Structure formats: structure tokens, C-alpha cells
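Student: I have a structure here, written as C-alpha cells, and I will follow up with some questions on it.
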Amino acid sequence: MQAPLSATTSGATKAAQGPSSEFLTFRLGAESYGIEILKVQEIRGYEQPTAIANAPAFIKGVINLRGVIVPILDLRIKFKLTQAKYDDFTVVIILNIAGRVVGVVVDSVSDVLTLSAENIRPTPEFASATFDTKYITGLGTLDEQMIILLDIEKLMTGADMALVDNAVH
């Protein structure tokens, strides 16, 4: 039997379940994803960024956020999902990762969830060169919903971010 997932879980119950983590959940198409809440600086409505010439397709451009130039990446394009449509629910999650500020475009933000260690399953092994799981830390379960937990720091410090740095500077 699974323990209920809630921010109001008592300390004694939390200790019995093991360590828990908070995740900001968001949607990309039909799937739910989660990133560690401690990496999130703020959530903003989508505004068209200033495009950068010769940047990879997943780099939408840059915005000026209170004097800081912030590259904006579209995770839908990065993950090779269907083309995004930008609407009133589209948001930019501003992340502070490894000393850099980066924005990621997602379809919508869902909630902040607290998941205990027992509600996080390891990433399944896929024997495929076309499906890269190195950015996935695990799969969280909440009731019948599956949440793909991203290692956003690994995603944002990989080789693609060198492309961002080259495009922005």
C-alpha cells in the first residue's frame, strides 16, 4: 500500500518513509515531468524571446530578466516531441543551475509535489540509441499518474549547453 503524497505528511510518517523530495511538475504534451523545486528560481508567462542567429532549434532566444540575459530553451523541441503551440498556458520556468540562469519553455505548470523515496522508481533500461535516458533520474508515481523526473542539472550542463553559451556570447 502506498503512503499518501502530500506536503502535510507528519514528520513521524516522513521519517518512516525515508527522505522525500519536492518537485515542480509540468506538462509537455500528454506527459508529466518533474524537476527539483530547489533548482527553480521563478515561473513566468511566455513572452517571445529575442532570436539568436544560427542557434540550434531548441534555443528559442534570450530575454532580459532584470538585467540578466537568460537563454530560453524549448524542452518540447529538445526532447523531439511534436511542435509546440504557444498559448495562455505556456510558461517559462526560470532555473538557477550550476551558477547559470536558464529558462525552459513548457506547456503548463501543474503543481509542487512531495514524493517519498518509495514513490520514486529507477529509470527503466532501454536498449536503444535513439532514446536517451541519461537526463531522467526516475519515475515518480502519484495515485495512477506517472511523472518523469528529470535531472535538470545534467540536462542543462551537457554538451547542448555549450551550444547555448556559443549562441548567446
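Labels for the C-alpha cells follow display order: chains A, B, ..., residues from 1 in each chain, ligands from 1.
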At a cut-off of 8 Å, using only C-alpha atoms, what residues contact A:Asp151? Leave out same-chain residues fewer than 5 positions from it and give the result as a list in words.

Tutor: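 These residues fall inside the cut-off: Ile35, Tyr135, Ile136 and Thr137 of chain A.
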
Student: With N, CA and C atoms retained, write the just-selected residues as a CSV table (one decimal), in the first residue's frame.

Tutor:
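Final output, saved to again-v8.csv:
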```csv
chain,number,residue,atom,x,y,z
A,35,ILE,N,10.8,18.5,-11.9
A,35,ILE,CA,12.2,18.9,-11.6
A,35,ILE,C,12.3,19.3,-10.2
A,135,TYR,N,19.1,11.9,-18.8
A,135,TYR,CA,18.6,13.1,-18.2
A,135,TYR,C,17.4,12.7,-17.2
A,136,ILE,N,17.0,11.4,-17.1
A,136,ILE,CA,15.9,11.0,-16.3
A,136,ILE,C,16.5,10.4,-15.0
A,137,THR,N,16.1,10.9,-13.9
A,137,THR,CA,16.5,10.3,-12.6
A,137,THR,C,15.6,9.2,-12.1
```

Student: Neighbours of A:Ser110 within 9 Å (only C-alpha atoms; same-chain residues fewer than 5 positions away dropped), as an NGL selection string?

Tutor: :A and (24-27 or 32)

Student: Calculate how many Å separate atom CA of A:Val70 from atom CA of A:Leu95, rounding to one decimal.

Tutor: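 Atom-to-atom, atom CA of A:Val70 to atom CA of A:Leu95, that is 9.7 Å.
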
Student: Quick one: residues within 10 Å of A:Phe58, only C-alpha atoms, excluding same-chain residues fewer than 3 positions away - as a list of chain:residue names?

Tutor: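 Answer for this query is A:Ala55, A:Gly61, A:Ile72, A:Leu73, A:Asp74, A:Leu75, A:Arg76, A:Ile77, A:Lys78, A:Phe79, A:Lys80, A:Val104, A:Val105, A:Asp160, A:Val164.
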
Student: Store the residues picked out above, limited to N, CA, C and O atoms, as a PDB file, in the first residue's frame.

Tutor:
```
ATOM      1  N   ALA A  55      21.404  29.776 -34.004  1.00  0.00           N
ATOM      2  CA  ALA A  55      21.264  28.965 -32.792  1.00  0.00           C
ATOM      3  C   ALA A  55      20.532  27.672 -33.132  1.00  0.00           C
ATOM      4  O   ALA A  55      19.733  27.627 -34.063  1.00  0.00           O
ATOM      5  N   GLY A  61      15.791  31.718 -28.011  1.00  0.00           N
ATOM      6  CA  GLY A  61      16.372  33.051 -27.987  1.00  0.00           C
ATOM      7  C   GLY A  61      16.748  33.425 -26.567  1.00  0.00           C
ATOM      8  O   GLY A  61      16.995  32.555 -25.731  1.00  0.00           O
ATOM      9  N   ILE A  72      16.594  31.000 -23.477  1.00  0.00           N
ATOM     10  CA  ILE A  72      15.316  30.300 -23.348  1.00  0.00           C
ATOM     11  C   ILE A  72      15.349  29.072 -24.256  1.00  0.00           C
ATOM     12  O   ILE A  72      15.549  29.193 -25.465  1.00  0.00           O
ATOM     13  N   LEU A  73      15.146  27.891 -23.646  1.00  0.00           N
ATOM     14  CA  LEU A  73      15.153  26.627 -24.382  1.00  0.00           C
ATOM     15  C   LEU A  73      13.755  26.041 -24.382  1.00  0.00           C
ATOM     16  O   LEU A  73      13.054  26.120 -23.375  1.00  0.00           O
ATOM     17  N   ASP A  74      13.359  25.467 -25.491  1.00  0.00           N
ATOM     18  CA  ASP A  74      12.064  24.808 -25.576  1.00  0.00           C
ATOM     19  C   ASP A  74      12.276  23.313 -25.363  1.00  0.00           C
ATOM     20  O   ASP A  74      12.872  22.642 -26.202  1.00  0.00           O
ATOM     21  N   LEU A  75      11.801  22.798 -24.220  1.00  0.00           N
ATOM     22  CA  LEU A  75      12.004  21.380 -23.919  1.00  0.00           C
ATOM     23  C   LEU A  75      11.261  20.468 -24.879  1.00  0.00           C
ATOM     24  O   LEU A  75      11.694  19.346 -25.126  1.00  0.00           O
ATOM     25  N   ARG A  76      10.170  20.939 -25.443  1.00  0.00           N
ATOM     26  CA  ARG A  76       9.419  20.117 -26.397  1.00  0.00           C
ATOM     27  C   ARG A  76      10.294  19.828 -27.626  1.00  0.00           C
ATOM     28  O   ARG A  76      10.347  18.707 -28.109  1.00  0.00           O
ATOM     29  N   ILE A  77      10.998  20.837 -28.095  1.00  0.00           N
ATOM     30  CA  ILE A  77      11.894  20.665 -29.236  1.00  0.00           C
ATOM     31  C   ILE A  77      13.127  19.859 -28.820  1.00  0.00           C
ATOM     32  O   ILE A  77      13.563  18.949 -29.527  1.00  0.00           O
ATOM     33  N   LYS A  78      13.665  20.152 -27.649  1.00  0.00           N
ATOM     34  CA  LYS A  78      14.850  19.437 -27.144  1.00  0.00           C
ATOM     35  C   LYS A  78      14.584  17.938 -27.036  1.00  0.00           C
ATOM     36  O   LYS A  78      15.429  17.126 -27.372  1.00  0.00           O
ATOM     37  N   PHE A  79      13.384  17.569 -26.584  1.00  0.00           N
ATOM     38  CA  PHE A  79      13.034  16.161 -26.426  1.00  0.00           C
ATOM     39  C   PHE A  79      12.419  15.554 -27.679  1.00  0.00           C
ATOM     40  O   PHE A  79      11.922  14.435 -27.648  1.00  0.00           O
ATOM     41  N   LYS A  80      12.429  16.308 -28.785  1.00  0.00           N
ATOM     42  CA  LYS A  80      11.933  15.827 -30.081  1.00  0.00           C
ATOM     43  C   LYS A  80      10.461  15.404 -30.014  1.00  0.00           C
ATOM     44  O   LYS A  80      10.057  14.395 -30.582  1.00  0.00           O
ATOM     45  N   VAL A 104      13.299  27.504 -19.392  1.00  0.00           N
ATOM     46  CA  VAL A 104      12.804  26.416 -20.225  1.00  0.00           C
ATOM     47  C   VAL A 104      11.311  26.617 -20.469  1.00  0.00           C
ATOM     48  O   VAL A 104      10.559  26.929 -19.553  1.00  0.00           O
ATOM     49  N   VAL A 105      10.919  26.461 -21.723  1.00  0.00           N
ATOM     50  CA  VAL A 105       9.517  26.614 -22.111  1.00  0.00           C
ATOM     51  C   VAL A 105       8.824  25.266 -21.946  1.00  0.00           C
ATOM     52  O   VAL A 105       9.321  24.246 -22.431  1.00  0.00           O
ATOM     53  N   ASP A 160      24.881  20.270 -25.052  1.00  0.00           N
ATOM     54  CA  ASP A 160      23.960  21.224 -25.669  1.00  0.00           C
ATOM     55  C   ASP A 160      24.095  22.621 -25.069  1.00  0.00           C
ATOM     56  O   ASP A 160      23.883  23.623 -25.740  1.00  0.00           O
ATOM     57  N   VAL A 164      24.410  26.630 -26.307  1.00  0.00           N
ATOM     58  CA  VAL A 164      23.718  27.812 -25.780  1.00  0.00           C
ATOM     59  C   VAL A 164      24.727  28.907 -25.504  1.00  0.00           C
ATOM     60  O   VAL A 164      24.545  30.056 -25.907  1.00  0.00           O
TER      61      VAL A 164
END
```

Student: Might you pull out every residue within 7 Å of A:Ser21, with only C-alpha atoms counted and same-chain residues fewer than 2 positions away left off, and present them as a PyMOL selection string?

Tutor: chain A and resi 19+23+114-116

Student: For the atom pair atom CA of A:Asn96 and atom CA of A:Val40, what is the interatomic distance in Å to one decimal place?

Tutor: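 Interatomic distance, atom CA of A:Asn96 to atom CA of A:Val40: 6.3 Å.
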
Student: Identify, on the basis of only C-alpha atoms, every residue whose closest approach to A:Ile94 does not exceed 6 Å; exclude the query and any residue fewer than 2 positions from it along the same chain; express the result as number ranges by chain.

Tutor: A: 41-43, 102-103

Student: Between A:Pro71, A:Pro49, A:Gly29, A:Gly34, which has the minimum distance to A:Arg100 (counting only C-alpha atoms)?

Tutor: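 Of A:Pro71, A:Pro49, A:Gly29, A:Gly34, the one nearest A:Arg100, counting only C-alpha atoms, is A:Pro71.
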
Student: Using DSSP assignments from the backbone, pull out every residue in stretch 26-122 of chain A that falls under strand (DSSP E) and give it to me as a PyMOL selection string.

Tutor: chain A and resi 26-28+31-36+40-45+59-65+68-74+91-97+100-106+108-116+120-121

Student: Using only C-alpha atoms, which protein or nucleic acid residues come within 9 Å of A:Ile97? Drop anything in the same chain fewer than 5 positions from it, and give the result as JSON, numbers by chain.

Tutor: {"A": [39, 40, 102, 152, 153, 156, 157]}

Student: Could you turn the residues from that selection into a file that holds N, CA, C and O atoms, as a short mmCIF file (atom, residue, chain, number, x, y, z; two decimals), in the first residue's frame?

Tutor:
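File produced: out-v3.cif:
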```
data_model
loop_
_atom_site.label_atom_id
_atom_site.label_comp_id
_atom_site.auth_asym_id
_atom_site.auth_seq_id
_atom_site.Cartn_x
_atom_site.Cartn_y
_atom_site.Cartn_z
N LYS A 39 15.86 23.93 -7.76
CA LYS A 39 16.51 24.47 -8.97
C LYS A 39 15.69 25.60 -9.60
O LYS A 39 16.18 26.30 -10.47
N VAL A 40 14.43 25.75 -9.17
CA VAL A 40 13.52 26.72 -9.78
C VAL A 40 13.70 28.09 -9.12
O VAL A 40 13.61 28.21 -7.91
N VAL A 102 18.85 29.92 -16.65
CA VAL A 102 18.34 29.43 -17.93
C VAL A 102 16.83 29.33 -17.81
O VAL A 102 16.31 28.96 -16.76
N ILE A 152 17.59 17.95 -14.22
CA ILE A 152 17.66 19.20 -15.00
C ILE A 152 19.07 19.76 -14.99
O ILE A 152 19.50 20.38 -15.95
N GLU A 153 19.82 19.50 -13.93
CA GLU A 153 21.20 19.99 -13.88
C GLU A 153 22.05 19.28 -14.93
O GLU A 153 22.83 19.90 -15.64
N MET A 156 21.04 20.60 -18.30
CA MET A 156 21.46 21.98 -18.56
C MET A 156 22.97 22.19 -18.49
O MET A 156 23.43 23.29 -18.73
N THR A 157 23.73 21.17 -18.17
CA THR A 157 25.19 21.33 -18.16
C THR A 157 25.86 20.43 -19.19
O THR A 157 27.06 20.31 -19.20
#
```

Student: Sort by chain and increasing residue number a table of all residues of stretch 93-122 of chain A within 9 Å of stretch 140-147 of chain A, each with its closest pair of atoms and their distance in Å to one decimal, counting only C-alpha atoms, and write it as JSON lines.

Tutor:
```
{"residue": "A:Leu113", "atom": "CA", "partner": "A:Leu142", "partner_atom": "CA", "distance": 8.9}
{"residue": "A:Leu115", "atom": "CA", "partner": "A:Gly140", "partner_atom": "CA", "distance": 7.1}
{"residue": "A:Asn119", "atom": "CA", "partner": "A:Thr141", "partner_atom": "CA", "distance": 5.6}
{"residue": "A:Ile120", "atom": "CA", "partner": "A:Gly140", "partner_atom": "CA", "distance": 4.4}
{"residue": "A:Arg121", "atom": "CA", "partner": "A:Gly140", "partner_atom": "CA", "distance": 6.2}
{"residue": "A:Pro122", "atom": "CA", "partner": "A:Gly140", "partner_atom": "CA", "distance": 8.9}
```

Student: Could you take the residues named above and write them with N, CA, C and O atoms, as a CSV table (one decimal), in the first residue's frame?

Tutor:
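Writing done, so here's result.csv:
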```
chain,number,residue,atom,x,y,z
A,113,LEU,N,4.9,18.8,-5.9
A,113,LEU,CA,4.6,17.5,-5.2
A,113,LEU,C,5.7,17.1,-4.3
A,113,LEU,O,6.9,17.3,-4.7
A,115,LEU,N,7.4,13.8,-3.0
A,115,LEU,CA,7.5,12.4,-3.3
A,115,LEU,C,8.4,11.8,-2.3
A,115,LEU,O,9.6,12.2,-2.1
A,119,ASN,N,8.2,6.3,-3.5
A,119,ASN,CA,7.3,6.6,-4.6
A,119,ASN,C,8.1,7.0,-5.9
A,119,ASN,O,7.5,7.5,-6.8
A,120,ILE,N,9.4,6.8,-5.8
A,120,ILE,CA,10.3,7.1,-7.0
A,120,ILE,C,10.9,5.8,-7.4
A,120,ILE,O,11.6,5.1,-6.6
A,121,ARG,N,10.6,5.4,-8.6
A,121,ARG,CA,11.2,4.1,-9.2
A,121,ARG,C,12.4,4.5,-10.1
A,121,ARG,O,12.4,5.6,-10.7
A,122,PRO,N,13.3,3.6,-10.2
A,122,PRO,CA,14.5,3.8,-11.1
A,122,PRO,C,14.1,4.0,-12.5
A,122,PRO,O,13.1,3.4,-12.9
```

Student: Could you check the closest approach to A:Ile93 for each of A:Ile37, A:Leu81, A:Ala117, A:Val68 and tell me which residue wins, using only C-alpha atoms?

Tutor: A:Ile37

Student: To one decimal in Å, tell me the separation between atom CA of A:Gly67 and atom CA of A:Tyr86.

Tutor: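 Value for the atom CA of A:Gly67-atom CA of A:Tyr86 distance: 25.0 Å.
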
Student: Excluding A:Asp88 and its own-chain neighbours fewer than 5 positions away, which residues fall within 10 Å of it when counting only C-alpha atoms? Please give them as a list in words.

Tutor: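 Final neighbour list, sorted by chain and number: Gly45, Tyr46, Asp107 and Ser108 of chain A.
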